[in-house]
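K.L.:
Handing you this structure, nothing more for now.
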Amino acid sequence: VWYVTAGNWPESNDDKAPSNDQTPSNDPMSNNDTPGSIVYQRTPRVQVRPEGKGYKTFLTPSGTGNNTIFEAEVTVSRDGGKTWTTVFQNIGDFYPNGIACQDEDNCCFVGESDGGAMPGARIHCTTDGGSNWNQTLFLSGPSNSLMDIRITGTAGEYWAVGGNLVSEIEANATFWHSTNNGQSWTLDSSISGSYATAVDCLDSGDCWATTLQPLFQTASVARNNQ
């Protein structure tokens, strides 16, 4: 079973022309030309590469076609990518980023927006294979961001990372932890002057995250101390 997130980040909330649109307006790193994880008028696609046959497109979520609003979508395939079904859709509130699953039925994804009716970062989770999704964390305010989420291999455990980006000087990487299948979250730790962009775990006590330092235009790696 494959779960995929897709969405649209509106041009009105960006600080670059469409031809050079790589990061959202609340990202202090957007002054350089390093591609970010949010792309204007993004057309997400899933590509599968059979051995020796190259890649071909298996999925192109359509959305509404309205590039002036936030859109979020989760799509699932239960037959190895042959067919896809939309199991979550939100129009107008936020853009989705990373998704992680404990098994076929239990998944959580992170999202964010710096405008619209509900600016802020959030986590949505399902326990029934996408039939129902519950928002289990909401961090209000346009400077809040959640970029990635991972399981650890321990049942019910997730790490979600992001940060609070008020300015290049006021940046704070945040590391959110859940041990009950994403139903509640605890701010485990934070790193001043940084912003977390991705996380991965070997096991419950060995997780690593990539971070950016907006003021100094540098990058680093952080590790949990469980």
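Ligands are numbered from 1 in the order shown, residues from 1 within each chain, and chains are lettered A, B, ... in the order they appear in the structure tokens.
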Give me the residues near Ser190 (chain A) as an mmCIF file with C-alpha atoms, in the first residue's frame, where near means some atom within 7 Å (using only C-alpha atoms) and where sequence neighbours in that chain fewer than 4 positions away do not count.
P.N.:
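What follows is the written file selection_20.cif:
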```cif
data_model
loop_
_atom_site.group_PDB
_atom_site.id
_atom_site.type_symbol
_atom_site.label_atom_id
_atom_site.label_comp_id
_atom_site.auth_asym_id
_atom_site.auth_seq_id
_atom_site.Cartn_x
_atom_site.Cartn_y
_atom_site.Cartn_z
ATOM 1 C CA ASN A 172 13.542 27.767 16.093
ATOM 2 C CA ALA A 173 13.663 24.120 14.972
ATOM 3 C CA THR A 174 11.009 21.967 16.668
ATOM 4 C CA PHE A 175 10.868 18.208 17.239
#
```
K.L.:
Name the residues of region 68-223 of chain A that fall into strand (DSSP E or B) according to DSSP on the backbone, using the chain letters and numbers of this document, as an MDAnalysis selection string.
P.N.:
chainID A and resid 71:77 85:91 95:101 107:113 120:126 134:140 144:151 158:165 171:178 186:192 195:203 206:213 218:223
K.L.:
Compile the contact shell of Asp114 (chain A) as a PyMOL selection string: residues with an atom at most 12 Å away, counting only C-alpha atoms, same-chain residues fewer than 5 positions apart removed.
P.N.:
chain A and resi 9-14+24-27+69-70+92-95+119-122+139-146+164-166
K.L.:
Would you mind listing what lies within 8 Å of region 182-188 of chain A as a PyMOL selection string, with only C-alpha atoms counted and same-chain residues fewer than 4 positions away left out?
P.N.:
chain A and resi 108+125+136-137+156-158+174-178
